[in-house]
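**Student:** This is start-v7.cif (mmCIF, C-alpha atoms).
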data_final
loop_
_atom_site.label_atom_id
_atom_site.label_comp_id
_atom_site.auth_asym_id
_atom_site.auth_seq_id
_atom_site.Cartn_x
_atom_site.Cartn_y
_atom_site.Cartn_z
CA MET A 1 94.99 67.17 14.43
CA TYR A 2 96.11 69.66 17.06
CA SER A 3 98.47 68.42 19.73
CA ILE A 4 99.86 69.68 23.02
CA SER A 5 103.58 69.13 21.61
CA ASN A 6 80.02 82.21 20.18
CA GLN A 7 80.06 85.42 22.76
CA LYS A 8 77.48 87.49 21.93
CA THR A 9 78.98 90.73 20.62
CA HIS A 10 77.91 94.24 21.57
CA TYR A 11 78.34 95.71 18.09
CA PRO A 12 75.87 98.39 16.94
CA SER A 13 72.54 97.26 15.48
CA PHE A 14 71.58 97.64 11.83
CA TYR A 15 69.45 100.69 12.69
CA THR A 16 72.39 102.34 14.45
CA ARG A 17 74.68 101.59 11.50
CA PHE A 18 72.12 103.01 9.07
CA VAL A 19 71.73 106.27 11.02
CA LEU A 20 75.51 106.50 11.32
CA ALA A 21 75.88 106.06 7.55
CA ILE A 22 73.45 108.93 6.91
CA LEU A 23 75.20 111.27 9.35
CA VAL A 24 78.65 110.44 8.01
CA ALA A 25 77.50 110.83 4.39
CA VAL A 26 75.92 114.22 5.13
CA TYR A 27 79.11 115.36 6.82
CA ILE A 28 81.31 114.17 3.93
CA VAL A 29 79.13 115.88 1.31
CA ALA A 30 78.62 119.10 3.30
CA GLU A 31 82.23 119.44 4.42
CA GLY A 32 83.83 122.38 2.67
CA GLN A 33 80.53 123.60 1.18
CA ILE A 34 79.42 127.20 1.71
CA SER A 35 75.65 126.66 1.52
CA PRO A 36 73.71 125.43 4.59
CA VAL A 37 73.12 121.69 4.90
CA ASN A 38 69.34 121.98 4.36
CA GLU A 39 69.89 123.77 1.05
CA LEU A 40 72.51 121.24 -0.06
CA ILE A 41 70.22 118.29 0.59
CA VAL A 42 67.43 119.61 -1.65
CA ALA A 43 69.80 120.64 -4.47
CA SER A 44 69.39 118.16 -7.33
CA GLY A 45 73.06 117.47 -7.99
CA ILE A 46 73.99 117.30 -4.34
CA SER A 47 71.04 115.07 -3.45
CA ILE A 48 72.21 112.40 -5.92
CA THR A 49 75.74 112.64 -4.54
CA LEU A 50 74.36 112.35 -1.02
CA LEU A 51 72.32 109.28 -1.95
CA PHE A 52 75.35 107.52 -3.38
CA SER A 53 77.47 108.64 -0.42
CA VAL A 54 75.00 107.04 1.99
CA ALA A 55 75.12 103.84 -0.07
CA ILE A 56 78.93 103.79 -0.15
CA VAL A 57 79.28 104.51 3.58
CA MET A 58 76.65 101.84 4.35
CA VAL A 59 78.58 99.30 2.29
CA LEU A 60 81.83 100.12 4.12
CA ILE A 61 80.26 100.05 7.59
CA ASN A 62 78.45 96.77 6.99
CA TYR A 63 81.53 95.19 5.43
CA ILE A 64 83.61 96.02 8.52
CA HIS A 65 80.75 94.84 10.74
CA LEU A 66 80.29 91.45 9.05
CA VAL A 67 84.00 90.71 8.60
CA SER A 68 84.66 91.60 12.26
CA ILE A 69 82.01 89.08 13.33
CA LEU A 70 83.56 86.41 11.09
CA LEU A 71 87.00 87.13 12.54
CA ASP A 72 85.55 86.93 16.07
CA ARG A 73 84.57 83.34 15.31
CA TRP A 74 87.62 82.34 13.29
CA CYS A 75 90.37 84.17 15.17
CA PRO A 76 89.09 85.74 18.43
CA TRP A 77 91.14 88.40 20.19
CA SER A 78 91.44 86.18 23.26
CA LEU A 79 93.10 83.41 21.22
CA SER A 80 95.90 85.38 19.55
CA TRP A 81 95.85 89.16 19.89
CA ASN A 82 98.72 89.88 17.46
CA ARG A 83 97.42 87.58 14.73
CA ARG A 84 93.90 88.98 15.08
CA LEU A 85 95.25 92.53 14.87
CA ALA A 86 97.04 91.64 11.63
CA TYR A 87 93.84 90.17 10.15
CA GLN A 88 91.85 93.19 11.35
CA LEU A 89 94.24 95.62 9.66
CA LEU A 90 94.27 93.60 6.44
CA PHE A 91 90.61 92.68 6.00
CA CYS A 92 88.89 95.53 7.86
CA THR A 93 91.20 98.43 7.07
CA LEU A 94 93.19 97.96 3.86
CA VAL A 95 90.46 96.11 1.96
CA PRO A 96 87.75 98.71 2.82
CA VAL A 97 90.08 101.55 1.74
CA TYR A 98 90.56 99.86 -1.64
CA LEU A 99 86.83 99.08 -1.80
CA ASP A 100 86.05 102.76 -1.18
CA LEU A 101 88.28 103.77 -4.09
CA VAL A 102 86.51 101.28 -6.36
CA LEU A 103 83.08 102.55 -5.32
CA ILE A 104 84.07 106.20 -5.81
CA LYS A 105 85.49 105.43 -9.26
CA SER A 106 82.30 103.56 -10.15
CA PHE A 107 80.18 106.53 -9.07
CA LEU A 108 82.27 109.00 -11.10
CA TRP A 109 82.31 106.68 -14.12
CA LEU A 110 78.53 106.34 -13.93
CA PHE A 111 78.11 110.11 -14.18
CA LYS A 112 81.03 110.50 -16.61
CA LEU A 113 83.12 112.60 -14.24
CA ASP A 114 86.92 112.84 -14.24
CA PHE A 115 88.37 110.87 -11.35
CA GLN A 116 91.82 112.46 -11.38
CA GLY A 117 90.51 116.00 -11.52
CA ASN A 118 87.71 115.48 -9.05
CA SER A 119 87.86 116.82 -5.48
CA CYS A 120 87.02 113.39 -4.04
CA LEU A 121 90.69 112.52 -3.61
CA LEU A 122 91.29 115.69 -1.60
CA SER A 123 88.14 115.77 0.56
CA GLU A 124 85.74 112.81 0.53
CA PHE A 125 88.33 110.01 0.29
CA PRO A 126 90.42 111.15 3.33
CA LEU A 127 87.20 111.43 5.37
CA ALA A 128 86.17 107.94 4.26
CA LYS A 129 89.56 106.59 5.37
CA LEU A 130 89.11 108.32 8.72
CA LEU A 131 85.71 106.63 9.05
CA ILE A 132 87.31 103.23 8.37
CA TYR A 133 90.01 103.81 10.99
CA LEU A 134 87.53 105.02 13.60
CA MET A 135 85.15 102.15 12.85
CA ASN A 136 87.91 99.61 13.40
CA GLY A 137 89.01 101.30 16.60
CA TRP A 138 85.42 101.33 17.84
CA TYR A 139 84.89 97.64 17.08
CA MET A 140 88.23 96.68 18.63
CA LYS A 141 87.31 98.62 21.77
CA ILE A 142 83.89 96.95 21.96
CA LYS A 143 85.23 93.43 21.55
CA THR A 144 88.46 93.61 23.52
CA GLY A 145 86.72 95.54 26.27
CA HIS A 146 84.05 92.83 26.37
CA ASP A 147 86.65 90.03 26.38
CA TYR A 148 89.13 91.51 28.84
CA GLY A 149 87.23 94.12 30.79
CA PRO A 150 86.00 93.87 34.35
CA THR A 151 83.99 90.72 34.98
CA PRO A 152 81.50 89.86 37.69
CA LEU A 153 82.73 88.05 40.75
CA GLU A 154 83.36 84.39 40.06
CA PRO A 155 80.94 81.97 41.71
CA GLU A 156 82.34 80.08 44.65
CA ARG A 157 83.84 76.81 43.40
CA ALA A 158 83.31 73.56 45.27
CA GLN A 159 86.44 72.10 46.86
CA VAL A 160 85.06 68.75 47.96
CA PHE A 161 82.34 66.37 46.77
CA GLU A 162 80.63 63.41 48.38
CA GLY A 163 80.52 60.20 46.38
CA VAL A 164 78.61 56.99 47.01
CA MET A 165 79.45 53.41 46.08
CA GLY A 166 76.91 50.96 47.47
CA LYS A 167 76.91 51.55 51.21
CA LYS A 168 80.23 53.33 51.13
CA LYS A 169 80.56 57.07 51.10
CA ARG A 170 83.62 59.10 50.36
CA VAL A 171 84.42 62.78 50.51
CA PHE A 172 87.06 63.67 47.91
CA HIS A 173 88.82 66.87 46.96
CA VAL A 174 88.30 68.38 43.53
CA LYS A 175 92.03 67.84 42.83
CA GLU A 176 91.34 64.09 42.82
CA LEU A 177 88.71 64.35 40.08
CA ASN A 178 89.68 63.17 36.60
CA TYR A 179 86.34 63.37 34.85
CA PHE A 180 82.59 63.43 35.40
CA VAL A 181 80.12 61.49 33.26
CA ARG A 182 76.34 61.59 33.34
CA GLN A 183 74.80 58.28 32.20
CA SER A 184 71.27 56.91 32.57
CA GLY A 185 70.33 59.74 34.90
CA THR A 186 73.29 59.07 37.20
CA GLY A 187 76.44 61.13 37.71
CA LYS A 188 79.75 59.30 37.97
CA ALA A 189 83.02 60.81 39.15
CA SER A 190 86.28 59.11 38.20
CA LEU A 191 89.14 59.84 40.59
CA ALA A 192 92.90 59.81 40.16
CA ASP A 193 93.18 56.47 41.98
CA GLY A 194 90.95 54.80 39.38
CA SER A 195 87.87 54.51 41.59
CA ILE A 196 84.44 55.64 40.41
CA TRP A 197 81.88 57.19 42.74
CA PHE A 198 78.26 58.08 42.12
CA ILE A 199 77.24 61.72 42.61
CA ASP A 200 73.65 62.95 42.53
CA ILE A 201 74.25 66.06 40.41
CA THR A 202 73.55 67.16 36.85
CA THR A 203 76.28 67.93 34.32
CA ARG A 204 75.31 71.59 34.28
CA ASP A 205 75.48 71.92 38.07
CA MET A 206 78.76 70.04 38.15
CA GLU A 207 80.22 72.34 35.52
CA SER A 208 79.20 75.43 37.50
CA GLN A 209 81.08 74.14 40.55
CA LEU A 210 84.34 73.30 38.77
CA ASP A 211 87.14 75.70 37.86
CA PRO A 212 87.01 76.32 34.07
CA ASP A 213 90.80 76.70 34.09
CA HIS A 214 91.10 73.00 34.91
CA PHE A 215 87.92 71.34 33.64
CA ILE A 216 85.92 71.57 30.41
CA LYS A 217 82.53 70.20 29.35
CA ILE A 218 83.00 68.67 25.89
CA ASN A 219 79.39 67.55 25.42
CA ARG A 220 76.16 67.42 27.41
CA ASN A 221 77.27 64.37 29.45
CA VAL A 222 81.06 64.62 29.86
CA ILE A 223 83.35 66.94 31.81
CA LEU A 224 87.10 66.30 31.57
CA ALA A 225 90.12 67.58 33.45
CA PHE A 226 92.46 69.29 31.00
CA HIS A 227 95.48 67.33 32.23
CA LEU A 228 93.94 64.14 30.77
CA ILE A 229 93.85 65.55 27.24
CA ASP A 230 96.77 64.98 24.87
CA SER A 231 95.31 66.51 21.71
CA TYR A 232 92.12 66.75 19.69
CA THR A 233 90.83 66.35 16.15
CA THR A 234 88.50 68.72 14.39
CA ASN A 235 85.95 68.30 11.62
CA SER A 236 83.57 71.06 10.53
CA LYS A 237 83.57 72.94 13.85
CA LYS A 238 83.16 69.72 15.80
CA GLY A 239 85.85 67.51 17.21
CA GLU A 240 86.98 64.69 19.44
CA VAL A 241 89.46 64.66 22.31
CA ILE A 242 92.45 62.33 22.27
CA LEU A 243 93.34 61.38 25.82
CA LYS A 244 96.79 60.47 27.10
CA PRO A 245 97.72 56.79 26.71
CA ASP A 246 97.44 55.96 30.42
CA VAL A 247 93.90 57.37 30.79
CA ALA A 248 91.14 54.76 31.09
CA PHE A 249 87.98 56.28 29.65
CA ASP A 250 85.30 54.58 27.56
CA GLY A 251 82.80 57.46 27.46
CA ASP A 252 81.82 59.83 24.67
CA LYS A 253 84.91 61.76 23.52
CA ARG A 254 83.12 63.88 20.96
CA ILE A 255 83.24 67.67 21.26
CA THR A 256 79.90 69.11 20.18
CA ARG A 257 79.61 72.05 17.82
CA GLN A 258 78.24 74.23 20.66
CA GLN A 259 81.24 73.45 22.89
CA PHE A 260 84.02 73.33 20.32
CA GLN A 261 85.10 76.98 20.26
CA ASP A 262 85.00 77.26 24.06
CA PHE A 263 86.99 74.03 24.30
CA LYS A 264 89.60 75.18 21.81
CA THR A 265 90.12 78.56 23.48
CA ALA A 266 90.25 77.10 27.01
CA PHE A 267 92.55 74.24 25.97
CA ILE A 268 95.08 76.60 24.41
CA LYS A 269 95.06 78.78 27.53
CA PHE A 270 95.60 75.68 29.68
CA VAL A 271 98.60 74.62 27.59
CA GLU A 272 100.06 78.15 27.76
CA ARG A 273 99.89 78.05 31.57
CA GLN A 274 101.90 74.85 31.77
#
Please express the file's structure as structure tokens.
**Tutor:**
Amino acid sequence: MYSISNQKTHYPSFYTRFVLAILVAVYIVAEGQISPVNELIVASGISITLLFSVAIVMVLINYIHLVSILLDRWCPWSLSWNRRLAYQLLFCTLVPVYLDLVLIKSFLWLFKLDFQGNSCLLSEFPLAKLLIYLMNGWYMKIKTGHDYGPTPLEPERAQVFEGVMGKKKRVFHVKELNYFVRQSGTGKASLADGSIWFIDITTRDMESQLDPDHFIKINRNVILAFHLIDSYTTNSKKGEVILKPDVAFDGDKRITRQQFQDFKTAFIKFVERQ
């Protein structure tokens, strides 16, 4: 239980990563060589080294790519920047450096070459580390720039709504709204004074007109004001809100899998603003 007291990324495609692996591998193998690159590629010994270099670089690039995506889901930058940075340095920098050493040793062992006396430690390995650092910096820039960069103008939020109860009509301010529930094809707005008014609007349209800093859709039929929520439970990327004791609500409190990460991130930000 957590108490008060799923962006699409813009990472490079597989094709881009594959081409990058080839270019980096060619540069690593050719760096420091006297012969032209075209002659090195066709040389029998160099061609085998190049093939394994492409494989090693591809493993490193795809490892960083996949782990970064997993961290985006588990610990997004927007949730805790310092903690995510620590995880990024550990899992996407230190682990790949060690993995590169293991792969280089495996390659040299396979061809019965001396690891200590080989030039890999002086040339290829430093370049591989540089690739790892640059790859992490690139992915951090992509994701943090996407999360915190310039955003389009926010849509105009509704300030008042018109509710109906029998023959009565009432215009109420959004500040009076506690929650919105869609049931049996009818929208119901519960206000701070305990009254309920019918509104002819869908949950999606209602969500688009409310400020996401103050309201959250927890499932397809329920939108809640954050100030009603005391805590929440979680179970396999789904959850359920726990409302404050004085809140009268008999609707669906479940947080769907599709909404859970957005709910968690927005709820934490709401608590931080208090």
**Student:** Of the candidates A:Arg83, A:Lys238, A:His10, A:Arg73, which one gets nearest to A:Ile142 if we count only C-alpha atoms?
**Tutor:** A:His10
**Student:** Measuring between all atoms listed in the file, which one of A:Ile229, A:Ala128, A:Met140, A:Ile201 shows the shortest distance to A:Phe161?
**Tutor:** A:Ile201
**Student:** Distance table requested - stretch 199-236 of chain A against stretch 163-179 of chain A, cut-off 10 Å, only C-alpha atoms: one row per qualifying residue with the closest atom pair and its distance in Å to one decimal, ordered by chain and rising residue number, as a tab-separated table.
**Tutor:**
residue	atom	partner	partner_atom	distance
A:Ile199	CA	A:Gly163	CA	5.2
A:Asp200	CA	A:Gly163	CA	8.3
A:Gln209	CA	A:Val174	CA	9.7
A:Leu210	CA	A:Val174	CA	7.9
A:Asp211	CA	A:Val174	CA	9.3
A:His214	CA	A:Lys175	CA	9.5
A:Phe215	CA	A:Tyr179	CA	8.2
A:Ile216	CA	A:Tyr179	CA	9.3
A:Lys217	CA	A:Tyr179	CA	9.6
A:Val222	CA	A:Tyr179	CA	7.4
A:Ile223	CA	A:Tyr179	CA	5.6
A:Leu224	CA	A:Tyr179	CA	4.5
A:Ala225	CA	A:Asn178	CA	5.4
A:Phe226	CA	A:Asn178	CA	8.7
A:His227	CA	A:Asn178	CA	8.4
A:Leu228	CA	A:Asn178	CA	7.3
**Student:** Would you place a box with edges along x, y and z of the file around all atoms of stretch 187-200 of chain A listed there, add 8 Å to each of its six sides, and report the centre and edge lengths in Å to one decimal, as AutoDock Vina command-line options?
**Tutor:**
--center_x 83.4 --center_y 58.7 --center_z 40.2 --size_x 35.5 --size_y 24.4 --size_z 21.0
**Student:** Could you state the separation of atom CA of A:Lys237 and atom CA of A:Cys75 in Å, given to one decimal place?
**Tutor:**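 About the pair atom CA of A:Lys237 and atom CA of A:Cys75: they are 13.2 Å apart.
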**Student:** Considering all atoms listed in the file, can you say which of A:Phe14, A:Phe260, A:Leu101, A:Arg157 comes closest to A:Ser208?
**Tutor:**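 Closest residue, counting all atoms listed in the file: A:Arg157.
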**Student:** Using only C-alpha atoms, which residues sit within 8 Å of A:Gly187 once same-chain residues fewer than 4 positions away are excluded, as a short mmCIF file (atom, residue, chain, number, x, y, z; two decimals) with C-alpha atoms, in the frame of the given file?
**Tutor:**
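Contents of selection34.cif, as written:
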data_model
loop_
_atom_site.label_atom_id
_atom_site.label_comp_id
_atom_site.auth_asym_id
_atom_site.auth_seq_id
_atom_site.Cartn_x
_atom_site.Cartn_y
_atom_site.Cartn_z
CA PHE A 180 82.59 63.43 35.40
CA VAL A 181 80.12 61.49 33.26
CA ARG A 182 76.34 61.59 33.34
CA GLN A 183 74.80 58.28 32.20
CA PHE A 198 78.26 58.08 42.12
CA ILE A 199 77.24 61.72 42.61
CA ASP A 200 73.65 62.95 42.53
CA ILE A 201 74.25 66.06 40.41
CA THR A 202 73.55 67.16 36.85
CA THR A 203 76.28 67.93 34.32
#
**Student:** Counting only C-alpha atoms, which of A:Ile69, A:Met58, A:Leu191, A:Leu110 gets nearest to A:Thr16?
**Tutor:**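 That would be A:Met58, the residue with the smallest distance to A:Thr16.
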**Student:** When the PyMOL selection byres ((chain A and resi 53-55) around 9) is applied to the file above, which residues end up in the set, as a list of chain:residue names?
**Tutor:** A:Phe18, A:Ala21, A:Ile22, A:Leu23, A:Val24, A:Ala25, A:Val26, A:Ile28, A:Val29, A:Ile48, A:Thr49, A:Leu50, A:Leu51, A:Phe52, A:Ile56, A:Val57, A:Met58, A:Val59, A:Leu60, A:Ile104
**Student:** In Å, how far is it from atom CA of A:Lys129 to atom CA of A:Trp77?
**Tutor:**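 One can read the atom CA of A:Lys129 to atom CA of A:Trp77 distance as 23.5 Å.
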**Student:** What is the distance between atom CA of A:Asp252 and atom CA of A:Thr265, in Å to one decimal?
**Tutor:**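 Interatomic distance here is 20.5 Å.
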**Student:** Nearest residue to A:Lys143 out of A:Glu272, A:Arg84, A:Gln261, A:Arg220, using all atoms listed in the file?
**Tutor:**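 Smallest separation from A:Lys143 among the options: A:Arg84.
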**Student:** Please identify all polymer residues within 8 Å of A:Lys253, counting all atoms listed in the file, omitting same-chain residues fewer than 4 positions from it, and present them as a ChimeraX atom specification.
**Tutor:** /A:218,222,240-242
**Student:** Taking only C-alpha atoms into account, which of A:Ser236, A:Ser231, A:Thr186, A:Asn219 comes nearest A:Ile255?
**Tutor:**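 Looking only at the distances to A:Ile255, the closest residue turns out to be A:Asn219.
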**Student:** Translate the PyMOL selection byres ((chain A and resi 96) around 10) into a concrete residue list for this structure, as a compact mmCIF listing (two decimals) with C-alpha atoms, keeping the file's coordinate frame.
**Tutor:**
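For reference, result-v9.txt as written:
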# COMPACT_ATOMS: atom_id res chain seq x y z
CA VAL A 59 78.58 99.30 2.29
CA LEU A 60 81.83 100.12 4.12
CA ILE A 61 80.26 100.05 7.59
CA TYR A 63 81.53 95.19 5.43
CA ILE A 64 83.61 96.02 8.52
CA LEU A 89 94.24 95.62 9.66
CA LEU A 90 94.27 93.60 6.44
CA PHE A 91 90.61 92.68 6.00
CA CYS A 92 88.89 95.53 7.86
CA THR A 93 91.20 98.43 7.07
CA LEU A 94 93.19 97.96 3.86
CA VAL A 95 90.46 96.11 1.96
CA VAL A 97 90.08 101.55 1.74
CA TYR A 98 90.56 99.86 -1.64
CA LEU A 99 86.83 99.08 -1.80
CA ASP A 100 86.05 102.76 -1.18
CA LEU A 101 88.28 103.77 -4.09
CA VAL A 102 86.51 101.28 -6.36
CA ALA A 128 86.17 107.94 4.26
CA LYS A 129 89.56 106.59 5.37
CA ILE A 132 87.31 103.23 8.37
CA TYR A 133 90.01 103.81 10.99
